[in-house]
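Engineer: Input my_file05.pdb, format and content: PDB, C-alpha atoms.
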ATOM      1  CA  MET A  21      -0.241  13.594 -21.165
ATOM      2  CA  ASP A  22       2.386  11.795 -23.257
ATOM      3  CA  GLU A  23       5.455   9.664 -22.558
ATOM      4  CA  ILE A  24       7.632  12.710 -21.871
ATOM      5  CA  ASP A  25       5.132  14.036 -19.309
ATOM      6  CA  ARG A  26       5.063  10.636 -17.629
ATOM      7  CA  LYS A  27       8.837  10.514 -17.461
ATOM      8  CA  ILE A  28       8.933  13.982 -15.927
ATOM      9  CA  ILE A  29       6.244  13.188 -13.341
ATOM     10  CA  ASN A  30       7.828   9.897 -12.312
ATOM     11  CA  HIS A  31      11.309  11.386 -12.108
ATOM     12  CA  LEU A  32      10.338  14.478 -10.144
ATOM     13  CA  GLN A  33       8.501  12.494  -7.474
ATOM     14  CA  ASP A  34      11.907  11.197  -6.401
ATOM     15  CA  GLY A  35      13.356  14.596  -5.698
ATOM     16  CA  PHE A  36      14.887  17.701  -7.205
ATOM     17  CA  PRO A  37      18.489  18.862  -6.912
ATOM     18  CA  ILE A  38      19.670  21.923  -5.024
ATOM     19  CA  CYS A  39      22.219  23.505  -7.367
ATOM     20  CA  GLU A  40      22.616  26.517  -9.600
ATOM     21  CA  LEU A  41      20.874  25.038 -12.674
ATOM     22  CA  PRO A  42      18.640  22.263 -11.316
ATOM     23  CA  TYR A  43      16.267  22.137 -14.304
ATOM     24  CA  GLN A  44      19.284  21.766 -16.585
ATOM     25  CA  VAL A  45      20.521  18.832 -14.475
ATOM     26  CA  VAL A  46      17.147  17.072 -14.516
ATOM     27  CA  ALA A  47      16.606  17.808 -18.212
ATOM     28  CA  THR A  48      19.938  16.177 -19.050
ATOM     29  CA  GLU A  49      18.996  13.114 -16.983
ATOM     30  CA  LEU A  50      15.739  12.856 -18.921
ATOM     31  CA  GLY A  51      17.256  13.569 -22.327
ATOM     32  CA  LEU A  52      15.362  16.848 -22.691
ATOM     33  CA  THR A  53      16.356  20.469 -22.964
ATOM     34  CA  GLU A  54      15.981  22.765 -19.991
ATOM     35  CA  ALA A  55      13.448  24.909 -21.864
ATOM     36  CA  VAL A  56      11.258  21.918 -22.733
ATOM     37  CA  LEU A  57      11.330  20.648 -19.136
ATOM     38  CA  ILE A  58      10.300  24.037 -17.738
ATOM     39  CA  GLU A  59       7.597  24.445 -20.385
ATOM     40  CA  ARG A  60       6.208  20.977 -19.675
ATOM     41  CA  LEU A  61       6.247  21.544 -15.922
ATOM     42  CA  LYS A  62       4.396  24.817 -16.343
ATOM     43  CA  ARG A  63       1.695  23.065 -18.353
ATOM     44  CA  LEU A  64       1.426  20.113 -15.949
ATOM     45  CA  LEU A  65       0.834  22.566 -13.105
ATOM     46  CA  GLU A  66      -1.592  24.751 -15.061
ATOM     47  CA  THR A  67      -3.666  21.761 -16.089
ATOM     48  CA  ASP A  68      -3.577  20.438 -12.500
ATOM     49  CA  ILE A  69      -1.944  17.132 -13.413
ATOM     50  CA  LEU A  70       0.602  18.185 -10.809
ATOM     51  CA  SER A  71      -0.859  19.711  -7.633
ATOM     52  CA  ARG A  72       2.461  21.131  -6.516
ATOM     53  CA  PHE A  73       6.094  21.374  -7.394
ATOM     54  CA  GLY A  74       8.578  22.456  -4.750
ATOM     55  CA  PRO A  75       9.703  21.732  -1.190
ATOM     56  CA  MET A  76       7.332  19.666   0.947
ATOM     57  CA  TYR A  77       7.548  21.035   4.455
ATOM     58  CA  HIS A  78       7.064  19.022   7.620
ATOM     59  CA  ALA A  79       4.615  21.217   9.516
ATOM     60  CA  GLU A  80       5.300  19.965  13.037
ATOM     61  CA  LYS A  81       9.028  20.358  12.618
ATOM     62  CA  MET A  82       8.456  24.014  11.774
ATOM     63  CA  GLY A  83       6.657  24.480  15.065
ATOM     64  CA  GLY A  84       3.249  24.268  13.441
ATOM     65  CA  GLU A  85       0.451  21.997  14.479
ATOM     66  CA  LEU A  86      -1.665  19.735  12.313
ATOM     67  CA  THR A  87      -4.725  17.673  12.874
ATOM     68  CA  LEU A  88      -7.248  15.604  10.949
ATOM     69  CA  ALA A  89     -10.836  16.297  11.902
ATOM     70  CA  ALA A  90     -14.270  15.263  10.727
ATOM     71  CA  VAL A  91     -17.895  16.331  11.039
ATOM     72  CA  LYS A  92     -21.255  14.766  10.267
ATOM     73  CA  ALA A  93     -22.705  17.323   7.890
ATOM     74  CA  PRO A  94     -26.433  16.916   7.251
ATOM     75  CA  GLN A  95     -26.975  16.371   3.507
ATOM     76  CA  GLN A  96     -29.192  19.428   2.996
ATOM     77  CA  GLN A  97     -26.593  21.747   4.589
ATOM     78  CA  PHE A  98     -23.547  20.019   3.166
ATOM     79  CA  GLN A  99     -22.508  22.780   0.759
ATOM     80  CA  GLN A 100     -23.058  25.514   3.298
ATOM     81  CA  ILE A 101     -20.979  23.710   5.910
ATOM     82  CA  ALA A 102     -18.196  23.083   3.398
ATOM     83  CA  GLU A 103     -18.143  26.813   2.655
ATOM     84  CA  ILE A 104     -17.911  27.760   6.335
ATOM     85  CA  ILE A 105     -15.067  25.329   6.935
ATOM     86  CA  ASN A 106     -13.184  26.082   3.710
ATOM     87  CA  ALA A 107     -13.338  29.822   4.383
ATOM     88  CA  MET A 108     -10.899  29.397   7.271
ATOM     89  CA  PRO A 109      -7.298  29.842   6.076
ATOM     90  CA  GLU A 110      -6.141  27.139   8.496
ATOM     91  CA  ILE A 111      -7.974  24.451   6.523
ATOM     92  CA  ALA A 112      -5.327  22.864   4.275
ATOM     93  CA  HIS A 113      -7.640  20.408   2.572
ATOM     94  CA  ASN A 114     -11.130  19.089   2.895
ATOM     95  CA  TYR A 115     -12.648  15.930   1.415
ATOM     96  CA  ALA A 116     -16.169  14.608   1.185
ATOM     97  CA  ARG A 117     -16.191  10.940   2.184
ATOM     98  CA  ASN A 118     -18.778   8.178   2.126
ATOM     99  CA  HIS A 119     -19.442   7.718   5.824
ATOM    100  CA  GLN A 120     -21.674   9.172   8.511
ATOM    101  CA  LEU A 121     -18.642  11.305   9.246
ATOM    102  CA  ASN A 122     -18.821  12.704   5.745
ATOM    103  CA  MET A 123     -16.504  15.701   5.774
ATOM    104  CA  TRP A 124     -12.825  15.256   6.622
ATOM    105  CA  PHE A 125     -10.391  18.144   6.778
ATOM    106  CA  VAL A 126      -6.854  18.922   7.835
ATOM    107  CA  ILE A 127      -6.320  21.931  10.074
ATOM    108  CA  ALA A 128      -2.824  23.434  10.056
ATOM    109  CA  THR A 129      -1.823  26.260  12.369
ATOM    110  CA  ASP A 130       1.371  28.109  13.201
ATOM    111  CA  LYS A 131       0.914  27.641  16.910
ATOM    112  CA  ALA A 132      -0.491  24.726  18.846
ATOM    113  CA  GLU A 133      -2.892  26.928  20.848
ATOM    114  CA  ARG A 134      -4.588  28.172  17.710
ATOM    115  CA  LEU A 135      -5.759  24.672  16.819
ATOM    116  CA  SER A 136      -8.363  24.462  19.561
ATOM    117  CA  ASP A 137      -9.612  27.956  18.672
ATOM    118  CA  VAL A 138     -10.175  26.871  15.078
ATOM    119  CA  ILE A 139     -12.039  23.758  16.207
ATOM    120  CA  GLN A 140     -14.169  25.803  18.562
ATOM    121  CA  GLU A 141     -14.915  28.316  15.841
ATOM    122  CA  ILE A 142     -16.030  25.580  13.454
ATOM    123  CA  GLU A 143     -18.256  24.091  16.131
ATOM    124  CA  GLN A 144     -19.836  27.477  16.836
ATOM    125  CA  LYS A 145     -20.383  28.381  13.190
ATOM    126  CA  THR A 146     -21.729  25.002  12.100
ATOM    127  CA  ALA A 147     -23.378  23.816  15.333
ATOM    128  CA  LEU A 148     -21.722  20.443  14.685
ATOM    129  CA  THR A 149     -19.389  18.361  16.803
ATOM    130  CA  VAL A 150     -15.843  18.290  15.444
ATOM    131  CA  TYR A 151     -14.236  14.856  15.815
ATOM    132  CA  ASN A 152     -10.601  15.762  16.351
ATOM    133  CA  MET A 153      -8.117  13.037  15.427
ATOM    134  CA  PRO A 154      -4.590  14.407  15.804
ATOM    135  CA  LYS A 155      -1.916  11.888  14.947
ATOM    136  CA  ILE A 156      -0.490  10.045  17.909
ATOM    137  CA  LYS A 157       2.244   8.509  15.807
ATOM    138  CA  GLU A 158       3.348   8.715  12.177
ATOM    139  CA  TYR A 159       4.516   5.407  10.700
ATOM    140  CA  PHE A 160       4.927   6.449   7.087
ATOM    141  CA  VAL A 161       4.385   9.408   4.767
ATOM    142  CA  GLY A 162       5.381   9.130   1.128
ATOM    143  CA  LEU A 163       4.453   7.206  -1.974
ATOM    144  CA  LYS A 164       5.240   7.495  -5.584
ATOM    145  CA  LEU A 165       2.313   7.247  -7.963
ATOM    146  CA  GLU A 166       3.413   5.834 -11.291
ATOM    147  CA  ALA A 167       2.154   8.124 -14.070
TER
ATOM    148  CA  MET B   7      15.172  22.455  15.409
ATOM    149  CA  ASN B   8      15.690  26.159  15.059
ATOM    150  CA  ILE B   9      14.163  28.086  12.213
ATOM    151  CA  ASP B  10      15.298  31.683  11.991
ATOM    152  CA  LYS B  11      13.963  34.658  10.092
ATOM    153  CA  ILE B  12      15.783  33.829   6.860
ATOM    154  CA  ASP B  13      14.481  30.243   6.920
ATOM    155  CA  ARG B  14      10.973  31.552   7.419
ATOM    156  CA  GLN B  15      11.314  33.912   4.481
ATOM    157  CA  ILE B  16      12.526  31.053   2.305
ATOM    158  CA  ILE B  17       9.694  28.805   3.501
ATOM    159  CA  SER B  18       7.193  31.538   2.800
ATOM    160  CA  ALA B  19       8.607  32.169  -0.681
ATOM    161  CA  THR B  20       8.518  28.481  -1.648
ATOM    162  CA  GLN B  21       5.335  27.158  -0.020
ATOM    163  CA  ALA B  22       3.318  27.694  -3.164
ATOM    164  CA  GLY B  23       6.082  26.093  -5.210
ATOM    165  CA  LEU B  24       9.516  26.550  -6.720
ATOM    166  CA  PRO B  25       9.954  29.222  -9.426
ATOM    167  CA  LEU B  26       9.960  27.789 -12.946
ATOM    168  CA  THR B  27      13.018  29.749 -13.975
ATOM    169  CA  PRO B  28      16.369  28.282 -15.063
ATOM    170  CA  GLN B  29      17.910  29.411 -11.759
ATOM    171  CA  PRO B  30      15.046  29.017  -9.279
ATOM    172  CA  TYR B  31      17.182  29.446  -6.165
ATOM    173  CA  GLN B  32      18.640  32.645  -7.611
ATOM    174  CA  THR B  33      15.093  33.866  -8.309
ATOM    175  CA  ILE B  34      14.124  33.270  -4.658
ATOM    176  CA  ALA B  35      17.349  34.927  -3.523
ATOM    177  CA  ASP B  36      16.636  38.019  -5.639
ATOM    178  CA  GLU B  37      13.128  38.248  -4.191
ATOM    179  CA  LEU B  38      14.465  38.100  -0.646
ATOM    180  CA  GLY B  39      17.571  40.197  -1.197
ATOM    181  CA  ILE B  40      19.972  37.442  -0.142
ATOM    182  CA  SER B  41      22.463  35.297  -2.042
ATOM    183  CA  ALA B  42      21.580  32.135  -3.971
ATOM    184  CA  GLU B  43      24.261  30.330  -1.939
ATOM    185  CA  THR B  44      22.380  31.166   1.246
ATOM    186  CA  VAL B  45      19.084  29.945  -0.199
ATOM    187  CA  MET B  46      20.655  26.665  -1.338
ATOM    188  CA  GLN B  47      22.498  26.170   1.955
ATOM    189  CA  ARG B  48      19.353  26.800   4.006
ATOM    190  CA  LEU B  49      17.245  24.472   1.857
ATOM    191  CA  SER B  50      19.901  21.738   2.128
ATOM    192  CA  ASP B  51      20.057  22.159   5.897
ATOM    193  CA  MET B  52      16.285  22.055   6.242
ATOM    194  CA  GLN B  53      16.135  18.944   4.089
ATOM    195  CA  GLU B  54      18.811  17.287   6.207
ATOM    196  CA  GLN B  55      16.890  18.124   9.390
ATOM    197  CA  GLY B  56      13.648  16.788   7.983
ATOM    198  CA  ILE B  57      11.962  20.198   8.003
ATOM    199  CA  ILE B  58      11.715  19.641   4.253
ATOM    200  CA  ARG B  59      10.547  16.082   3.607
ATOM    201  CA  ARG B  60      11.679  16.343   0.004
ATOM    202  CA  ILE B  61      11.727  18.732  -2.949
ATOM    203  CA  GLY B  62       9.722  17.444  -5.849
ATOM    204  CA  ALA B  63       6.439  17.056  -7.660
ATOM    205  CA  VAL B  64       3.102  16.088  -6.167
ATOM    206  CA  PRO B  65       0.777  14.649  -8.786
ATOM    207  CA  ASN B  66      -2.960  15.071  -8.633
ATOM    208  CA  HIS B  67      -4.011  11.476  -7.933
ATOM    209  CA  TYR B  68      -7.223  11.805  -9.899
ATOM    210  CA  ARG B  69      -5.543  13.195 -12.985
ATOM    211  CA  LEU B  70      -3.133  10.258 -13.067
ATOM    212  CA  GLY B  71      -6.090   7.908 -13.039
ATOM    213  CA  TYR B  72      -5.913   7.043  -9.333
ATOM    214  CA  LYS B  73      -9.604   7.728  -8.828
ATOM    215  CA  PHE B  74      -9.994   5.434  -5.852
ATOM    216  CA  ASN B  75      -8.300   6.914  -2.844
ATOM    217  CA  GLY B  76      -9.341   4.941   0.158
ATOM    218  CA  MET B  77      -8.792   5.871   3.765
ATOM    219  CA  THR B  78      -8.653   2.422   5.310
ATOM    220  CA  VAL B  79      -9.226   2.517   9.060
ATOM    221  CA  TRP B  80      -8.569  -0.269  11.545
ATOM    222  CA  ASN B  81      -9.295  -1.037  15.168
ATOM    223  CA  ILE B  82      -6.117  -2.435  16.705
ATOM    224  CA  ALA B  83      -5.468  -3.077  20.391
ATOM    225  CA  ASP B  84      -3.361  -0.137  21.609
ATOM    226  CA  GLU B  85      -0.519  -2.354  22.804
ATOM    227  CA  TYR B  86       0.033  -3.687  19.257
ATOM    228  CA  VAL B  87      -0.702  -0.606  17.185
ATOM    229  CA  ASP B  88       2.925   0.594  16.895
ATOM    230  CA  GLU B  89       4.273  -2.724  15.712
ATOM    231  CA  ILE B  90       1.428  -3.157  13.251
ATOM    232  CA  GLY B  91       1.491   0.459  12.076
ATOM    233  CA  GLU B  92       5.169   0.141  11.115
ATOM    234  CA  ARG B  93       4.426  -2.930   9.031
ATOM    235  CA  VAL B  94       1.378  -1.465   7.293
ATOM    236  CA  GLY B  95       3.351   1.727   6.556
ATOM    237  CA  GLN B  96       5.922  -0.335   4.660
ATOM    238  CA  LEU B  97       3.385  -1.639   2.112
ATOM    239  CA  ASP B  98       4.162  -0.059  -1.245
ATOM    240  CA  PHE B  99       0.611   1.159  -1.907
ATOM    241  CA  VAL B 100       0.219   2.972   1.437
ATOM    242  CA  SER B 101       0.887   6.718   1.213
ATOM    243  CA  HIS B 102       0.178   7.731   4.815
ATOM    244  CA  CYS B 103      -0.045   5.581   7.922
ATOM    245  CA  TYR B 104      -0.872   7.011  11.333
ATOM    246  CA  HIS B 105      -2.024   6.095  14.809
ATOM    247  CA  ARG B 106      -4.953   8.390  15.708
ATOM    248  CA  PRO B 107      -7.375   8.479  18.654
ATOM    249  CA  ARG B 108     -10.699   6.634  18.682
ATOM    250  CA  HIS B 109     -13.986   8.399  19.394
ATOM    251  CA  LEU B 110     -16.011   5.683  21.058
ATOM    252  CA  PRO B 111     -18.570   4.384  20.573
ATOM    253  CA  GLU B 112     -19.065   5.646  17.016
ATOM    254  CA  TRP B 113     -15.467   5.696  15.825
ATOM    255  CA  PRO B 114     -13.541   2.640  17.077
ATOM    256  CA  TYR B 115     -10.653   2.938  14.592
ATOM    257  CA  ASN B 116      -7.160   3.939  15.681
ATOM    258  CA  LEU B 117      -4.957   3.009  12.692
ATOM    259  CA  PHE B 118      -5.310   4.960   9.438
ATOM    260  CA  ALA B 119      -3.721   3.867   6.149
ATOM    261  CA  MET B 120      -4.346   5.756   2.902
ATOM    262  CA  VAL B 121      -4.299   3.593  -0.220
ATOM    263  CA  HIS B 122      -4.567   4.533  -3.892
ATOM    264  CA  SER B 123      -5.706   2.605  -6.916
ATOM    265  CA  LYS B 124      -7.109   3.089 -10.387
ATOM    266  CA  THR B 125     -10.018   0.755  -9.656
ATOM    267  CA  GLU B 126     -12.318   0.057  -6.740
ATOM    268  CA  THR B 127     -11.337  -3.606  -6.974
ATOM    269  CA  GLY B 128      -7.745  -2.480  -6.548
ATOM    270  CA  VAL B 129      -8.580  -0.764  -3.255
ATOM    271  CA  LYS B 130     -10.505  -3.843  -2.100
ATOM    272  CA  GLN B 131      -7.452  -5.990  -2.854
ATOM    273  CA  GLN B 132      -5.173  -3.578  -1.009
ATOM    274  CA  GLN B 133      -7.549  -3.639   1.948
ATOM    275  CA  GLN B 134      -7.491  -7.435   1.816
ATOM    276  CA  ILE B 135      -3.695  -7.481   1.876
ATOM    277  CA  ILE B 136      -3.704  -5.278   4.971
ATOM    278  CA  ALA B 137      -6.385  -7.449   6.600
ATOM    279  CA  GLU B 138      -4.269 -10.543   5.982
ATOM    280  CA  LEU B 139      -1.214  -8.860   7.423
ATOM    281  CA  LEU B 140      -3.174  -7.915  10.556
ATOM    282  CA  GLY B 141      -4.828 -11.287  11.026
ATOM    283  CA  GLU B 142      -6.394 -11.624  14.460
ATOM    284  CA  PHE B 143      -5.104  -8.194  15.511
ATOM    285  CA  ASN B 144      -7.788  -6.643  13.309
ATOM    286  CA  LEU B 145     -10.768  -5.997  15.597
ATOM    287  CA  GLY B 146     -12.767  -4.219  12.880
ATOM    288  CA  HIS B 147     -12.212  -2.046   9.853
ATOM    289  CA  ASP B 148     -13.796   0.200   7.263
ATOM    290  CA  VAL B 149     -12.761   2.102   4.146
ATOM    291  CA  LEU B 150     -13.798   5.673   3.405
ATOM    292  CA  TYR B 151     -13.485   6.873  -0.182
ATOM    293  CA  SER B 152     -13.052  10.493  -1.067
ATOM    294  CA  ILE B 153     -16.105  11.491  -3.088
ATOM    295  CA  ALA B 154     -15.031  15.061  -3.782
ATOM    296  CA  ILE B 155     -12.164  17.396  -3.032
ATOM    297  CA  LEU B 156     -13.814  20.337  -1.277
ATOM    298  CA  LYS B 157     -10.564  22.226  -0.741
ATOM    299  CA  LYS B 158      -6.911  21.577  -1.468
ATOM    300  CA  THR B 159      -4.516  24.426  -0.897
ATOM    301  CA  GLY B 160      -1.776  22.575   0.906
ATOM    302  CA  LEU B 161      -0.134  23.828   4.044
ATOM    303  CA  ARG B 162       0.540  27.477   4.634
ATOM    304  CA  ILE B 163       2.716  27.686   7.679
ATOM    305  CA  GLY B 164       5.706  29.574   8.916
ATOM    306  CA  ASN B 165       5.034  33.033   7.520
TER
END
Could the structure of this file be written out as structure tokens, please?

Structural biologist:
Amino acid sequence: MDEIDRKIINHLQDGFPICELPYQVVATELGLTEAVLIERLKRLLETDILSRFGPMYHAEKMGGELTLAAVKAPQQQFQQIAEIINAMPEIAHNYARNHQLNMWFVIATDKAERLSDVIQEIEQKTALTVYNMPKIKEYFVGLKLEA
Amino acid sequence: MNIDKIDRQIISATQAGLPLTPQPYQTIADELGISAETVMQRLSDMQEQGIIRRIGAVPNHYRLGYKFNGMTVWNIADEYVDEIGERVGQLDFVSHCYHRPRHLPEWPYNLFAMVHSKTETGVKQQQQIIAELLGEFNLGHDVLYSIAILKKTGLRIGN
């Protein structure tokens, strides 16, 4: 990652224009050519320095339902439980954390009713209690990480 | 907030990301058999309505050196949690701040604030800043670090 990559990452966290030639517009702002910008972006995504590039959708506003949930996975079955949970397409991400509640995942579904089915299914397949912690209120979502 | 069939097609076509072509909205339009103007108009409308939070890049925290991603959790009396949550959410190192339910007795925390730093000391300092802001309203807290990413596909909704 060099200075140009950093400039691209920092700039594109602020937004991306909706117009006919958006890469051209951003490239000009950064003093690059369109081809270089696209090439760099491709590489940043391929090497996983960027996780995503595109529109960030607000799940609840699309009628979907989201929740954060956690389980206490016994150490000797940890991998197996992660596999069971990750296999469900509704699991958007899953993190191991240093706590008795050691596996934390986000469940995202198209319809609210489906959420409880997914939780029930996880409980049946893992024989663990799912601690469901749906947000009651969102105060802030955002953040720019300086590259 | 009404999302129609065309919106859903656009959402579905862009959930994995925007095409890396000189005219990305035209590329999406060609895929869907609609005009680029429609794609751009719909995306603008969805952004205005907050269905799209923003269009842009999401860096991998770890790859940028932010190896310490702490989920700080706080026990705040319910009657104060909104006021406090708004203030914690405004701190420049907090990426997500939510009120969530407790699971007593083992999980007494109802305010979640994600913080990010390149060092563990950095997270400790951030936690300290939050603790100072909360003062006597803080009835207990903890910080959970992510040890490993077990899955990260992002949301797949609206197909």

Engineer: Just checking: using only C-alpha atoms, which residue out of A:Ile38, A:Ala132, A:Ile24, A:Met82 ends up closest to Val56 (chain A)?

Structural biologist: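 Using only C-alpha atoms, the shortest distance to Val56 (chain A) belongs to A:Ile24.
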
Engineer: Which residues fall under the PyMOL selection byres ((chain A and resi 90-96) around 10) in this file, as an mmCIF file with C-alpha atoms, keeping the file's coordinate frame?

Structural biologist:
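Result file result03.cif:
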data_model
loop_
_atom_site.group_PDB
_atom_site.id
_atom_site.type_symbol
_atom_site.label_atom_id
_atom_site.label_comp_id
_atom_site.auth_asym_id
_atom_site.auth_seq_id
_atom_site.Cartn_x
_atom_site.Cartn_y
_atom_site.Cartn_z
ATOM 1 C CA LEU A 88 -7.248 15.604 10.949
ATOM 2 C CA ALA A 89 -10.836 16.297 11.902
ATOM 3 C CA GLN A 97 -26.593 21.747 4.589
ATOM 4 C CA PHE A 98 -23.547 20.019 3.166
ATOM 5 C CA GLN A 99 -22.508 22.780 0.759
ATOM 6 C CA GLN A 100 -23.058 25.514 3.298
ATOM 7 C CA ILE A 101 -20.979 23.710 5.910
ATOM 8 C CA ALA A 102 -18.196 23.083 3.398
ATOM 9 C CA ASN A 114 -11.130 19.089 2.895
ATOM 10 C CA TYR A 115 -12.648 15.930 1.415
ATOM 11 C CA ALA A 116 -16.169 14.608 1.185
ATOM 12 C CA ARG A 117 -16.191 10.940 2.184
ATOM 13 C CA HIS A 119 -19.442 7.718 5.824
ATOM 14 C CA GLN A 120 -21.674 9.172 8.511
ATOM 15 C CA LEU A 121 -18.642 11.305 9.246
ATOM 16 C CA ASN A 122 -18.821 12.704 5.745
ATOM 17 C CA MET A 123 -16.504 15.701 5.774
ATOM 18 C CA TRP A 124 -12.825 15.256 6.622
ATOM 19 C CA PHE A 125 -10.391 18.144 6.778
ATOM 20 C CA VAL A 126 -6.854 18.922 7.835
ATOM 21 C CA ILE A 142 -16.030 25.580 13.454
ATOM 22 C CA GLU A 143 -18.256 24.091 16.131
ATOM 23 C CA THR A 146 -21.729 25.002 12.100
ATOM 24 C CA ALA A 147 -23.378 23.816 15.333
ATOM 25 C CA LEU A 148 -21.722 20.443 14.685
ATOM 26 C CA THR A 149 -19.389 18.361 16.803
ATOM 27 C CA VAL A 150 -15.843 18.290 15.444
ATOM 28 C CA TYR A 151 -14.236 14.856 15.815
ATOM 29 C CA ASN A 152 -10.601 15.762 16.351
ATOM 30 C CA MET A 153 -8.117 13.037 15.427
#

Engineer: Taking all atoms listed in the file into account, which of A:His31, A:His113, A:Arg63, A:Arg26 comes nearest chain B?

Structural biologist: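 Distance minimum relative to chain B lands on A:His113.
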
Engineer: Compile the contact shell of Leu50 (chain A) as an mmCIF file with C-alpha atoms, in the coordinates of the input: residues with an atom at most 10 Å away, counting only C-alpha atoms, same-chain residues fewer than 3 positions apart removed.

Structural biologist:
data_model
loop_
_atom_site.group_PDB
_atom_site.id
_atom_site.type_symbol
_atom_site.label_atom_id
_atom_site.label_comp_id
_atom_site.auth_asym_id
_atom_site.auth_seq_id
_atom_site.Cartn_x
_atom_site.Cartn_y
_atom_site.Cartn_z
ATOM 1 C CA ILE A 24 7.632 12.710 -21.871
ATOM 2 C CA LYS A 27 8.837 10.514 -17.461
ATOM 3 C CA ILE A 28 8.933 13.982 -15.927
ATOM 4 C CA HIS A 31 11.309 11.386 -12.108
ATOM 5 C CA GLN A 44 19.284 21.766 -16.585
ATOM 6 C CA VAL A 45 20.521 18.832 -14.475
ATOM 7 C CA VAL A 46 17.147 17.072 -14.516
ATOM 8 C CA ALA A 47 16.606 17.808 -18.212
ATOM 9 C CA THR A 53 16.356 20.469 -22.964
ATOM 10 C CA GLU A 54 15.981 22.765 -19.991
ATOM 11 C CA LEU A 57 11.330 20.648 -19.136
#

Engineer: When the ChimeraX specification (/A :<6) & /B is applied to the file above, which residues end up in the set, as a ChimeraX atom specification?

Structural biologist: /B:23-24,29,57-66,69-70,91-92,95,101-107,150-161,163

Engineer: Just the selected residues (C-alpha atoms), exported as a PDB file, in the coordinates of the input, please.

Structural biologist:
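The resulting result23.pdb:
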ATOM      1  CA  GLY B  23       6.082  26.093  -5.210  1.00  0.00           C
ATOM      2  CA  LEU B  24       9.516  26.550  -6.720  1.00  0.00           C
ATOM      3  CA  GLN B  29      17.910  29.411 -11.759  1.00  0.00           C
ATOM      4  CA  ILE B  57      11.962  20.198   8.003  1.00  0.00           C
ATOM      5  CA  ILE B  58      11.715  19.641   4.253  1.00  0.00           C
ATOM      6  CA  ARG B  59      10.547  16.082   3.607  1.00  0.00           C
ATOM      7  CA  ARG B  60      11.679  16.343   0.004  1.00  0.00           C
ATOM      8  CA  ILE B  61      11.727  18.732  -2.949  1.00  0.00           C
ATOM      9  CA  GLY B  62       9.722  17.444  -5.849  1.00  0.00           C
ATOM     10  CA  ALA B  63       6.439  17.056  -7.660  1.00  0.00           C
ATOM     11  CA  VAL B  64       3.102  16.088  -6.167  1.00  0.00           C
ATOM     12  CA  PRO B  65       0.777  14.649  -8.786  1.00  0.00           C
ATOM     13  CA  ASN B  66      -2.960  15.071  -8.633  1.00  0.00           C
ATOM     14  CA  ARG B  69      -5.543  13.195 -12.985  1.00  0.00           C
ATOM     15  CA  LEU B  70      -3.133  10.258 -13.067  1.00  0.00           C
ATOM     16  CA  GLY B  91       1.491   0.459  12.076  1.00  0.00           C
ATOM     17  CA  GLU B  92       5.169   0.141  11.115  1.00  0.00           C
ATOM     18  CA  GLY B  95       3.351   1.727   6.556  1.00  0.00           C
ATOM     19  CA  SER B 101       0.887   6.718   1.213  1.00  0.00           C
ATOM     20  CA  HIS B 102       0.178   7.731   4.815  1.00  0.00           C
ATOM     21  CA  CYS B 103      -0.045   5.581   7.922  1.00  0.00           C
ATOM     22  CA  TYR B 104      -0.872   7.011  11.333  1.00  0.00           C
ATOM     23  CA  HIS B 105      -2.024   6.095  14.809  1.00  0.00           C
ATOM     24  CA  ARG B 106      -4.953   8.390  15.708  1.00  0.00           C
ATOM     25  CA  PRO B 107      -7.375   8.479  18.654  1.00  0.00           C
ATOM     26  CA  LEU B 150     -13.798   5.673   3.405  1.00  0.00           C
ATOM     27  CA  TYR B 151     -13.485   6.873  -0.182  1.00  0.00           C
ATOM     28  CA  SER B 152     -13.052  10.493  -1.067  1.00  0.00           C
ATOM     29  CA  ILE B 153     -16.105  11.491  -3.088  1.00  0.00           C
ATOM     30  CA  ALA B 154     -15.031  15.061  -3.782  1.00  0.00           C
ATOM     31  CA  ILE B 155     -12.164  17.396  -3.032  1.00  0.00           C
ATOM     32  CA  LEU B 156     -13.814  20.337  -1.277  1.00  0.00           C
ATOM     33  CA  LYS B 157     -10.564  22.226  -0.741  1.00  0.00           C
ATOM     34  CA  LYS B 158      -6.911  21.577  -1.468  1.00  0.00           C
ATOM     35  CA  THR B 159      -4.516  24.426  -0.897  1.00  0.00           C
ATOM     36  CA  GLY B 160      -1.776  22.575   0.906  1.00  0.00           C
ATOM     37  CA  LEU B 161      -0.134  23.828   4.044  1.00  0.00           C
ATOM     38  CA  ILE B 163       2.716  27.686   7.679  1.00  0.00           C
TER      39      ILE B 163
END

Engineer: Just the residues within 8 Å of region 32-42 of chain B, please, counting all atoms listed in the file, with nothing from its chain fewer than 6 positions along; format it as a VMD selection string.

Structural biologist: (chain A and resid 40) or (chain B and resid 15 to 16 19 to 20 25)

Engineer: So, counting only C-alpha atoms, which residue among B:Leu97, B:Ile136, B:Met77, B:Asp84 is closest to Phe118 (chain B)?

Structural biologist: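 Checking each candidate against Phe118 (chain B), we get B:Met77 as the closest.
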
Engineer: Pick out the closest residue to Glu85 (chain B) from this set: B:Thr44, B:Asn116, B:Thr125, B:Gln55. Count only C-alpha atoms.

Structural biologist: B:Asn116

Engineer: In Å to one decimal, how far is CA of Gln134 (chain B) from CA of Gly76 (chain B)?

Structural biologist: 12.6 Å

Engineer: Would you compute the distance between CA of Gly128 (chain B) and CA of Ala83 (chain B)? Give it in Å to one decimal.

Structural biologist: 27.0 Å

Engineer: Axis-aligned box over every listed atom of region 83-96 of chain A, padded by 4 Å per side: centre and edges in Å to one decimal, as AutoDock Vina command-line options?

Structural biologist:
--center_x -11.3 --center_y 19.6 --center_z 9.0 --size_x 43.8 --size_y 17.7 --size_z 20.1

Engineer: My list of candidates is B:Glu112, B:Glu43, B:Glu138, B:Glu126. Which is closest to Val94 (chain B) when distances are computed with all atoms listed in the file?

Structural biologist: B:Glu138
